[in-house]
Each structure stands twice: as structure tokens, then as C-alpha cells.
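Take a look at the structure set out below.
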Amino acid sequence: MEKTKLALLGCGNVGQGLLQIIHDKKVDVNVVAISDFKLGSVFCSDGLSVSKILDLLKEGKTLEDYNCNPSCCQGVMHKGWDVLETIENCGADIVAEMTFTDLKTAEPATSYIEAALKKGMHVTTSNKGPTALNYKKLSKLADANGVKFLIEGTVMSGTPVFNLARETFAGCDIKEVKGILNGTTNYILAQMENEGWSYEAALKKAQELGYAEADPTADVEGIDALAKVVILSNVLLGASIKPEDVPREGISKITLADVENAAKEGMRYKLIGSTKLENGKIIASVKPIKLPLSDPLTGVGGANNALTFDTDLLGEVTIQGPGAGRIETGFSILVDILKIMNS
């Protein structure tokens with residue numbers, strides 16, 4: 001039986017994490033093509049050596065430094081295709097789309113996904129942009145072409161959200177989803193409470209540790225969490241909302257005094273993204289909230305994420321885990337790949 005052919009669009013942290021997992025776990029797929037804006041592209045119809053690709057990238061080389069071993073590869077090889085050329089010519093069964101996230105236009109990732117779906121390729125993505133802005137359109141396109149469009153990694157990295165909702169909660173109606181959707185802000189608020197640091201000091205430490213970017217706006221002002229709330233609303237609750245429909249407030253105005261006063265009240269600040277269906281209408285928001293210490297979300301420390309699902313049959317169920325990371329997000333792509341292969 002011929003192996004499933006896989007193409008990677010984007011080979012940064014997530015793409016390399018996925019390749020490492022495929023190598024370490026000996027996943028039975030044939031990586032035929034990789035295309036990356038910075039690293040170039042390479043295609044081999046017989047399949048690429050994942051270990052050789054990883055070695056090249058560790059050495060600071062590009063994908064186009066790759067060469068097949070003539071003694072064991074009789075395949076057709078090509079270098080230099082752009083992403084759309086790769087989609088058009090690689091013949092993959094599954095495309096893993098892991099390119100740059102643009103939350104304003106969702107491009108060029110949406111165009112990449114559309115092109116792959118139209119070619120009859122299954123697509124898995126960890127990209128929040130096209131999922132937040134165009135999920136329903138892309139899902140319809142996938143259905144029309146008899147393929148799957150899967151998005152497990154778009155909200156909590158490898159911590160299960162959509163597989164959990166689709167399979168483990170099968171038969172349940174989900175009434176509300178709320179939680180900690182950004183690890184950077186969770187770390188900052190925890191350090192303010194636990195270490196007595198100011199917001200500015202906690203942010204600086206988060207940047208030093210790599211939790212926050214040099215420009216932390218997307219995290220601390222709730223933009224990252226906002227995209228995830230939109231995805232949860234549209235995918236799990238059947239809404240059709242856009243980012244501008246959701247009120248958003250970040251944590252940059254939270255002071256050490258606020259955090260200390262909350263602690264005295266037996267409360268703890270968390271940046272909470274929430275969405276619920278009430279009387280046929282979606283009510284969603286992103287904002288810092290004081291939660292009682294009895295709430296399971298208050299026990300989530302460090303840069304972890306967590307979600308509480310309110311269901312009709314089980315009541316509230318909370319899941320906690322990493323919301324970012326090279327291997328963790330690579331794992332989310334693997335989960336989708338395996339689901340496609342086994343369906």
C-alpha cells in the first residue's frame with residue numbers, strides 16, 4: 001500500500017517540530033515537499049529524508065541545499081517552487097499549512113488552503129488567521145471537494161479542543177466555552193501575584209524567557225485570545241462572528257495593587273476569553289476577570305492554557321495544557337494527519 005504523501009507549507013518552529021515528531025515516532029508518511037518563504041522549497045516524488053532535512057536546518061542551511069541520495073532515490077526532484085507551485089505540482093494527499101498568521105487579512109494562508117482544497121488535498125492548519133476569518137467558507141470548500149479541513153492546533157496548540165468537542169463530547173450540547181487562551185498573559189499575572197512584581201517587570205521577564213515578543217501587543221492586549229474566541233464561537237457554537245464583533249480588553253492596565261486587592265478578596269485575575277449561546281445569540285468577550293479561587297481556571301499557572309466547557313450532559317469540564325511550543329503545536333498537526341489517514 002502506498003504511503004500517504006504529505007506536503008509542508010511553512011517550515012519554521014511548528015514545521016520543524018512536526019518533522020522532528022515524524023522522525024522520532026517513525027510516522028508512516030511520505031514527506032514529498034516542503035515550501036517555506038525564507039528557507040526555499042524542495043520536492044522529491046520518492047519522498048524526502050526527514051533526518052537529512054532536520055540536519056540541514058540545524059546547520060543553518062536552506063531546504064534548497066538538500067540533495068537526494070542517487071543510490072536509493074529514483075524520484076523526480078525539484079527546487080525553487082513557491083508555495084502555490086508546490087501545491088499545484090507536488091501531488092500530496094495531505095497539506096500541513098503552517099505559514100505566517102495574519103489576523104487582519106488571513107492572507108496568504110487562506111489562498112494556500114483554498115488552492116490545496118480545490119486540488120483535492122486534505123488540509124490541516126495551526127494558522128489562526130484563515131480559521132478565525134474564513135472557517136465556514138473553507139469548510140464548505142473542503143466538503144465540496146470530498147476532503148477534510150482540520151484545525152486542532154489553532155486554539156490551544158496540542159492540548160485537545162476540537163477533537164475533544166467532536167468525539168469525547170459527542171451527544172452533548174456545548175452551551176459555553178471560556179478559559180485562559182494566552183500563556184503570556186497568564187504568566188505575567190501569575191508573576192505579579194506570586195512575586196509581587198509590577199506589570200512592567202513581569203512583562204520584561206516574559207520577554208526574556210521568550211514567552212512574549214519584543215512587541216507584546218497581540219498577547220497583552222488580548223488580540224491573540226480574541227482570534228481564538230472567534231474560532232471557538234464559529235466552530236463549536238455555530239456562530240458567524242468576526243473579530244470586530246467581540247469586545248476586547250487586555251491586561252496592560254492591571255496594576256500590582258489590583259492583583260493584591262483581588263488576592264485579599266480570595267480572588268485571582270485571569271485574562272478570560274469566553275463565548276456562549278444565549279437565546280439564539282452569541283455573547284463573547286476577552287477581558288481580565290477576577291475569579292474565585294474555587295474556579296479550576298485559577299489554578300492554571302505558568303504559561304499554560306485552559307478551557308472550561310459547559311455542557312448539557314456533563315456540566316462543566318475543564319482541560320489544561322500547553323498552549324504553544326514547537327513540539328506541542330507540531331503534535332496538533334500530527335493528530336490531524338493521523339485522523340485523516342485513519343478515516
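Residues are referred to by chain and number: the chain letter is A, B, ... according to the order shown in the C-alpha cells, the number counts from 1 in that chain, and ligands are numbered separately from 1 in the order shown.
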
Task: Long-range neighbours of Asn67 of chain A as number ranges by chain, 9 Å cut-off, only C-alpha atoms, 2 positions minimum in chain - done: A: 52, 64-65, 69-70, 77

With 12 Å as the cut-off and only C-alpha atoms counted, what is the closest atom pair between each nearby residue of segment 94-173 of chain A and segment 226-248 of chain A? Distances in Å to one decimal, ordered by chain and number, as a Markdown table.
| residue | atom | partner | partner_atom | distance |
| --- | --- | --- | --- | --- |
| A:Thr101 | CA | A:Ala227 | CA | 10.7 |
| A:Asp102 | CA | A:Ala227 | CA | 10.5 |
| A:Leu103 | CA | A:Ala227 | CA | 7.4 |
| A:Lys104 | CA | A:Pro243 | CA | 9.1 |
| A:Thr105 | CA | A:Pro243 | CA | 11.5 |
| A:Ala106 | CA | A:Ala227 | CA | 11.1 |
| A:Ser126 | CA | A:Lys228 | CA | 11.4 |
| A:Asn127 | CA | A:Ala227 | CA | 10.4 |
| A:Lys128 | CA | A:Ala227 | CA | 6.7 |
| A:Gly129 | CA | A:Ala227 | CA | 7.6 |
| A:Pro130 | CA | A:Ile231 | CA | 9.7 |
| A:Thr131 | CA | A:Ile231 | CA | 6.4 |
| A:Ala132 | CA | A:Ile231 | CA | 4.9 |
| A:Leu133 | CA | A:Lys242 | CA | 6.5 |
| A:Asn134 | CA | A:Lys242 | CA | 9.3 |
| A:Tyr135 | CA | A:Asn234 | CA | 7.6 |
| A:Lys136 | CA | A:Asn234 | CA | 7.9 |
| A:Lys137 | CA | A:Ser240 | CA | 10.7 |
| A:Leu138 | CA | A:Val235 | CA | 11.8 |
| A:Ser139 | CA | A:Val235 | CA | 10.0 |
| A:Phe149 | CA | A:Val235 | CA | 11.9 |
| A:Leu150 | CA | A:Val235 | CA | 10.9 |
| A:Ile151 | CA | A:Ile231 | CA | 9.6 |
| A:Glu152 | CA | A:Ile231 | CA | 10.9 |
| A:Gly153 | CA | A:Lys228 | CA | 10.6 |
| A:Thr154 | CA | A:Lys228 | CA | 7.3 |
| A:Val155 | CA | A:Lys228 | CA | 5.4 |
| A:Met156 | CA | A:Lys228 | CA | 8.6 |
| A:Ser157 | CA | A:Lys228 | CA | 11.1 |
| A:Val161 | CA | A:Leu232 | CA | 9.0 |
| A:Phe162 | CA | A:Leu236 | CA | 7.8 |
| A:Asn163 | CA | A:Leu236 | CA | 10.9 |
| A:Leu164 | CA | A:Leu236 | CA | 10.9 |
| A:Ala165 | CA | A:Leu236 | CA | 7.6 |
| A:Arg166 | CA | A:Leu236 | CA | 8.7 |
| A:Phe169 | CA | A:Leu236 | CA | 11.1 |
| A:Ala170 | CA | A:Leu236 | CA | 11.9 |
| A:Cys172 | CA | A:Leu236 | CA | 11.4 |
| A:Asp173 | CA | A:Leu237 | CA | 9.0 |

Write a file of the selected residues as a compact mmCIF listing (two decimals), in the first residue's frame, keeping N, CA and C atoms.
# COMPACT_ATOMS: atom_id res chain seq x y z
N THR A 101 0.84 33.81 10.45
CA THR A 101 -0.54 34.17 10.79
C THR A 101 -0.76 35.67 10.64
N ASP A 102 -1.73 36.05 9.83
CA ASP A 102 -2.15 37.44 9.68
C ASP A 102 -3.61 37.53 10.09
N LEU A 103 -3.86 38.15 11.24
CA LEU A 103 -5.22 38.20 11.77
C LEU A 103 -6.06 39.30 11.14
N LYS A 104 -5.46 40.14 10.30
CA LYS A 104 -6.23 41.20 9.64
C LYS A 104 -6.78 40.75 8.30
N THR A 105 -5.96 40.06 7.51
CA THR A 105 -6.40 39.66 6.16
C THR A 105 -6.49 38.14 6.00
N ALA A 106 -5.83 37.40 6.87
CA ALA A 106 -5.76 35.94 6.77
C ALA A 106 -5.06 35.48 5.51
N SER A 126 -2.42 25.10 11.68
CA SER A 126 -2.33 25.68 13.03
C SER A 126 -2.48 27.19 12.95
N ASN A 127 -2.89 27.69 11.80
CA ASN A 127 -2.90 29.11 11.49
C ASN A 127 -4.23 29.74 11.92
N LYS A 128 -4.16 30.68 12.87
CA LYS A 128 -5.39 31.28 13.40
C LYS A 128 -6.07 32.20 12.39
N GLY A 129 -5.32 32.86 11.51
CA GLY A 129 -5.90 33.84 10.61
C GLY A 129 -7.02 33.29 9.74
N PRO A 130 -6.72 32.33 8.86
CA PRO A 130 -7.78 31.81 7.99
C PRO A 130 -8.89 31.10 8.76
N THR A 131 -8.55 30.53 9.91
CA THR A 131 -9.57 29.82 10.69
C THR A 131 -10.53 30.81 11.35
N ALA A 132 -9.99 31.92 11.87
CA ALA A 132 -10.85 32.92 12.52
C ALA A 132 -11.72 33.66 11.51
N LEU A 133 -11.15 33.97 10.34
CA LEU A 133 -11.86 34.82 9.39
C LEU A 133 -12.65 34.04 8.34
N ASN A 134 -12.23 32.81 8.03
CA ASN A 134 -12.81 32.13 6.87
C ASN A 134 -13.16 30.67 7.11
N TYR A 135 -13.39 30.28 8.37
CA TYR A 135 -13.59 28.86 8.65
C TYR A 135 -14.75 28.26 7.87
N LYS A 136 -15.89 28.89 7.87
CA LYS A 136 -17.06 28.30 7.23
C LYS A 136 -16.87 28.18 5.73
N LYS A 137 -16.29 29.19 5.13
CA LYS A 137 -16.04 29.14 3.68
C LYS A 137 -15.09 28.00 3.34
N LEU A 138 -14.04 27.85 4.12
CA LEU A 138 -13.06 26.80 3.85
C LEU A 138 -13.63 25.42 4.14
N SER A 139 -14.46 25.30 5.15
CA SER A 139 -15.09 24.02 5.46
C SER A 139 -16.03 23.59 4.34
N PHE A 149 -10.83 19.53 6.33
CA PHE A 149 -10.13 20.74 6.74
C PHE A 149 -10.12 20.72 8.26
N LEU A 150 -8.95 20.43 8.86
CA LEU A 150 -8.86 20.24 10.31
C LEU A 150 -7.96 21.30 10.95
N ILE A 151 -8.30 21.68 12.19
CA ILE A 151 -7.73 22.89 12.78
C ILE A 151 -7.35 22.72 14.25
N GLU A 152 -7.00 21.51 14.66
CA GLU A 152 -6.81 21.26 16.08
C GLU A 152 -5.83 22.23 16.74
N GLY A 153 -4.77 22.64 16.03
CA GLY A 153 -3.73 23.45 16.65
C GLY A 153 -3.99 24.94 16.72
N THR A 154 -5.18 25.39 16.35
CA THR A 154 -5.40 26.83 16.23
C THR A 154 -5.76 27.53 17.55
N VAL A 155 -6.13 26.79 18.57
CA VAL A 155 -6.57 27.43 19.82
C VAL A 155 -5.64 27.15 20.99
N MET A 156 -5.35 25.87 21.27
CA MET A 156 -4.52 25.53 22.43
C MET A 156 -3.39 24.60 22.03
N SER A 157 -2.78 24.88 20.88
CA SER A 157 -1.65 24.09 20.44
C SER A 157 -2.04 22.61 20.43
N VAL A 161 -8.86 20.39 21.79
CA VAL A 161 -10.05 21.24 21.87
C VAL A 161 -11.12 20.69 20.93
N PHE A 162 -10.83 20.67 19.65
CA PHE A 162 -11.85 20.31 18.67
C PHE A 162 -12.07 18.79 18.61
N ASN A 163 -11.01 18.01 18.74
CA ASN A 163 -11.20 16.56 18.82
C ASN A 163 -11.95 16.20 20.09
N LEU A 164 -11.65 16.90 21.17
CA LEU A 164 -12.35 16.68 22.43
C LEU A 164 -13.84 16.97 22.26
N ALA A 165 -14.14 18.12 21.67
CA ALA A 165 -15.54 18.51 21.50
C ALA A 165 -16.28 17.57 20.53
N ARG A 166 -15.60 17.22 19.44
CA ARG A 166 -16.24 16.43 18.39
C ARG A 166 -16.44 14.97 18.80
N PHE A 169 -17.10 14.67 23.52
CA PHE A 169 -18.37 15.28 23.90
C PHE A 169 -19.48 14.96 22.92
N ALA A 170 -19.29 13.95 22.10
CA ALA A 170 -20.33 13.57 21.13
C ALA A 170 -21.65 13.31 21.86
N CYS A 172 -23.30 15.68 23.41
CA CYS A 172 -23.50 16.83 24.31
C CYS A 172 -23.76 18.10 23.50
N ASP A 173 -24.55 18.98 24.07
CA ASP A 173 -24.64 20.35 23.56
C ASP A 173 -23.70 21.21 24.40

Open item on the list: Excluding segment 12-20 of chain A and its own-chain neighbours fewer than 6 positions away, which residues fall within 8 Å of it when counting only C-alpha atoms? Please give them as a PyMOL selection string.
Closed with: chain A and resi 36+50+54+98+325-331+333-334

Write the selection just made, keeping N, CA and C atoms, as a compact mmCIF listing (two decimals), in the first residue's frame?
# COMPACT_ATOMS: atom_id res chain seq x y z
N ASP A 36 8.89 26.98 2.10
CA ASP A 36 8.95 27.98 3.16
C ASP A 36 9.44 29.29 2.56
N VAL A 50 13.63 12.89 6.10
CA VAL A 50 13.31 13.84 7.17
C VAL A 50 14.53 14.10 8.03
N LEU A 54 16.21 17.81 8.71
CA LEU A 54 16.43 18.35 10.06
C LEU A 54 17.89 18.70 10.28
N MET A 98 1.33 25.84 7.75
CA MET A 98 1.90 26.39 8.99
C MET A 98 2.65 27.68 8.69
N GLY A 325 4.29 26.18 21.62
CA GLY A 325 5.51 25.38 21.65
C GLY A 325 5.73 24.64 20.34
N ARG A 326 6.99 24.46 20.01
CA ARG A 326 7.39 23.83 18.75
C ARG A 326 6.87 22.39 18.63
N ILE A 327 7.18 21.57 19.62
CA ILE A 327 6.74 20.18 19.59
C ILE A 327 5.24 20.08 19.85
N GLU A 328 4.76 20.89 20.79
CA GLU A 328 3.34 20.83 21.16
C GLU A 328 2.43 21.17 19.97
N THR A 329 2.78 22.22 19.23
CA THR A 329 1.94 22.59 18.08
C THR A 329 2.17 21.62 16.92
N GLY A 330 3.41 21.15 16.78
CA GLY A 330 3.67 20.11 15.79
C GLY A 330 2.82 18.88 16.05
N PHE A 331 2.64 18.55 17.33
CA PHE A 331 1.79 17.42 17.71
C PHE A 331 0.35 17.63 17.25
N ILE A 333 -0.69 19.16 14.65
CA ILE A 333 -0.75 18.86 13.22
C ILE A 333 -0.72 17.35 13.00
N LEU A 334 0.13 16.65 13.78
CA LEU A 334 0.19 15.19 13.67
C LEU A 334 -1.15 14.56 13.99

- [ ] Tell me which of A:Ala324, A:Ala262, A:Ala92, A:Ile21 sits closest to Leu293 of chain A, counting only C-alpha atoms.
- [x] A:Ala262

Open item on the list: Using DSSP assignments from the backbone, pull out every residue in segment 7-237 of chain A that falls under alpha helix (DSSP H) and give it to me as a ChimeraX atom specification.
Closed with: /A:13-25,50-58,83-89,109-118,128-144,153-156,162-163,183-195,199-208,217-220,223-236

Among the residues of segment 90-147 of chain A, find those DSSP assigns to strand (DSSP E or B) from the backbone and print them as a short mmCIF file (atom, residue, chain, number, x, y, z; two decimals) with C-alpha atoms, in the first residue's frame.
data_model
loop_
_atom_site.label_atom_id
_atom_site.label_comp_id
_atom_site.auth_asym_id
_atom_site.auth_seq_id
_atom_site.Cartn_x
_atom_site.Cartn_y
_atom_site.Cartn_z
CA ILE A 94 -2.37 16.00 2.84
CA VAL A 95 -1.10 19.55 3.18
CA ALA A 96 0.05 20.87 6.55
CA GLU A 97 -0.30 24.66 6.41
CA HIS A 122 -6.82 17.34 2.82
CA VAL A 123 -5.59 20.32 4.86
CA THR A 124 -4.56 20.68 8.48
CA THR A 125 -3.52 24.08 9.81
#

Open item on the list: List the spatial neighbours of Phe37 of chain A as a ChimeraX atom specification - criterion: any atom at most 12 Å away, only C-alpha atoms, same-chain residues fewer than 3 positions off excluded.
Closed with: /A:8-12,34,40-42,62-64,80-84,86,98-100,108-109

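All residues of protein, DNA or RNA that reach within 10 Å of Ala190 of chain A, judged by only C-alpha atoms and not counting those fewer than 2 positions away in the chain, are Thr184, Thr185, Asn186, Tyr187, Ile188, Met192, Glu193, Asn194, Glu195, Gly196, Trp197, Ala202, Val259, Arg268, Tyr269, Lys270, Thr298, Gly299, Val300, Gly301, Gly302 and Ala303 of chain A.
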
TODO: Choose the residue, out of A:Ile319, A:Ile174, A:Leu189, A:Leu57, that has the smallest atom-to-atom separation from Pro160 of chain A; count only C-alpha atoms.
DONE: A:Ile319

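Residue nearest Asp310 of chain A, chosen from A:Ala218, A:Leu291, A:Ala257, A:Val177 and counting only C-alpha atoms: A:Val177.
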
Open item on the list: Could you tell me how far atom CA of Ile87 of chain A sits from atom CA of Leu141 of chain A, in Å to one decimal place?
Closed with: 16.1 Å

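If you measure from each of A:Leu313, A:Ala284, A:Val76, A:Ala263 to Ala225 of chain A using only C-alpha atoms, the closest one turns out to be A:Ala284.
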
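Note that the spacing between atom CA of Glu278 of chain A and atom CA of Leu314 of chain A amounts to 18.6 Å.
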